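Heads up, the thing below is written out as structure tokens.
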Amino acid sequence: MRVLIVEDEPTLGQQLKSTLEANGYAIDLSADGEDGHFMGSTEDYDAVILDLGLPEIDGLTVLDRWRKEERNFPVLVLTARDSWSDKVAGLDAGADDYLAKPFEPEELSLRCAAILRRSHKAEPPEEVEMSGLVFNAQRGELKEGDTRIRLTEAELQLLTILASNPGEPVSREELASLTSAGMERSVDVQVTRLRRKIEPNPKEPIHIQTVRGVGYRLMPD
């Protein structure tokens, strides 16, 4: 996989490059918005890691230009800004995920791998099985045998997103933006409720797993 990193802090840029190269990615590095925009517009990348606070052109403008040019590679936004409004702005501009500084290298690798898998994934499974339960996303049904287990609308939205990405971490920010939860804390509440309906032991979940520093993933049987 070929990844472009647009980051104006030289030390951090090199650290990101080394981290991802150690995980098998081919990395190109740019230090400002003008150059980064040109590289993303003229080269083929599987994903881009984009800082928002860039010289020449800020990251949101770069991202907006790429999307208008129909450059549809997944973009992971990096920024020192950690307010909800900044996250919403990045996602509205077309970002696929959001990571606030400072962060652990392992978290970056997980998130990068997740957006790459989502962008290259095959069709999601029609049904997923979890300890005797069967969830059919198309019908919006969770069943145990012939018995249908009632899900609230918020629980159904959450489970549908996780089931469409089995085994892959989905960030709390993404879950909040794609469901009626609206806030990350609300996502956590819905996950707790959903675990009570799915997990053999909700206190030791095996199907809806927490991915530290990222969000959640669904692990079917």
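Ordered as shown in the structure tokens, chains take letters A, B, and onward, while each chain numbers its residues from 1 and ligands are numbered from 1 in the order shown.
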Exercise. Please provide the set of residues having any atom within 9 Å of Asp46 of chain A, restricted to only C-alpha atoms, with same-chain residues fewer than 3 positions apart removed, written as a VMD selection string.
Key: chain A and resid 1 to 4 73 to 74 116 119
Practice problem: Report the residues of segment 23-143 of chain A whose backbone DSSP state falls under helix (DSSP H, G or I), written as a ChimeraX atom specification. | Solution: /A:33-42,59-68,84-92,105-120
Practice problem: Tell me which protein, DNA and RNA residues are within 9 Å of Glu56 of chain A, counting only C-alpha atoms, leaving out same-chain ones fewer than 4 positions away, and put them as a ChimeraX atom specification. | Solution: /A:32-35
Practice problem: Might you pull out every residue within 12 Å of Ala80 of chain A, with only C-alpha atoms counted and same-chain residues fewer than 3 positions away left off, and present them as an NGL selection string? | Solution: :A and (7 or 9 or 50-54 or 77 or 83 or 86-87 or 98-103)
Quiz item: Contacts of Leu159 of chain A at 9 Å or less, counting only C-alpha atoms, minus same-chain residues fewer than 2 places along, as a PyMOL selection string?
Solution: chain A and resi 135+137+154-157+161-164+191+194+218
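Considering the residues A:Val170, A:Val88, A:Ala26, A:Val134 and counting only C-alpha atoms, Asp221 of chain A has its shortest atom-to-atom contact with A:Val134.
Take the candidates A:Met219, A:Met183, A:Ile27, A:Val75 and check each one against Gly13 of chain A using only C-alpha atoms; the shortest distance goes to A:Ile27.
The space between atom CA of Asp58 of chain A and atom CA of Ser85 of chain A spans 16.2 Å.
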Quiz item: Among segment 26-136 of chain A, which residues carry a DSSP assignment of strand (DSSP E), reported as a list of chain:residue names?
Solution: A:Ala26, A:Ile27, A:Asp28, A:Leu29, A:Ser30, A:Ala47, A:Val48, A:Ile49, A:Leu50, A:Asp51, A:Val75, A:Leu76, A:Val77, A:Leu78, A:Thr79, A:Asp97, A:Tyr98, A:Leu99, A:Ala100, A:Glu127, A:Val128, A:Glu129, A:Met130, A:Leu133, A:Val134, A:Phe135, A:Asn136
Any chance you could export the current selection's C-alpha atoms as a CSV table (one decimal), in the first residue's frame?
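Produced file part.csv, reproduced below:
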```csv
chain,number,residue,atom,x,y,z
A,26,ALA,CA,5.5,2.6,1.0
A,27,ILE,CA,5.6,6.2,2.2
A,28,ASP,CA,5.9,9.6,0.5
A,29,LEU,CA,6.4,12.6,2.7
A,30,SER,CA,5.4,16.2,2.1
A,47,ALA,CA,-4.4,6.5,1.6
A,48,VAL,CA,-3.3,9.9,2.8
A,49,ILE,CA,-2.4,11.1,6.4
A,50,LEU,CA,-3.0,14.8,6.4
A,51,ASP,CA,-2.2,17.4,9.1
A,75,VAL,CA,-7.8,10.4,4.4
A,76,LEU,CA,-6.8,10.2,8.0
A,77,VAL,CA,-6.7,13.7,9.5
A,78,LEU,CA,-4.0,14.6,12.1
A,79,THR,CA,-4.3,17.7,14.2
A,97,ASP,CA,-11.1,9.3,10.3
A,98,TYR,CA,-9.6,11.8,12.8
A,99,LEU,CA,-6.7,11.5,15.2
A,100,ALA,CA,-5.7,14.2,17.6
A,127,GLU,CA,-25.3,-12.3,8.1
A,128,VAL,CA,-23.0,-12.5,11.1
A,129,GLU,CA,-23.2,-15.1,13.9
A,130,MET,CA,-22.4,-14.4,17.5
A,133,LEU,CA,-27.3,-15.1,17.7
A,134,VAL,CA,-27.7,-14.2,14.0
A,135,PHE,CA,-27.7,-10.6,12.8
A,136,ASN,CA,-29.0,-9.8,9.3
```
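Using only C-alpha atoms, the shortest contact distance between Leu110 of chain A and any of A:Arg185, A:Ser171, A:Met39, A:Asp8 is found at A:Ser171.
The coordinates place atom CA of Leu108 of chain A at 23.1 Å from atom CA of His207 of chain A.
Distance annotation: of A:Arg212, A:Arg139, A:Arg193, A:Arg217, the residue with the minimal separation from Pro169 of chain A is A:Arg217; atom set is only C-alpha atoms.
As for atom CA of Thr152 of chain A and atom CA of Leu91 of chain A, they are spaced 25.7 Å apart.
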Quiz item: Nearest to Glu168 of chain A: which of A:Cys112, A:Val189, A:Leu12, A:Leu63 is it, counting only C-alpha atoms?
Solution: A:Cys112
Exercise. Measuring atom to atom with only C-alpha atoms, identify which of A:Val214, A:Glu174, A:Arg196, A:Lys143 is nearest to Ala113 of chain A.
Key: A:Val214
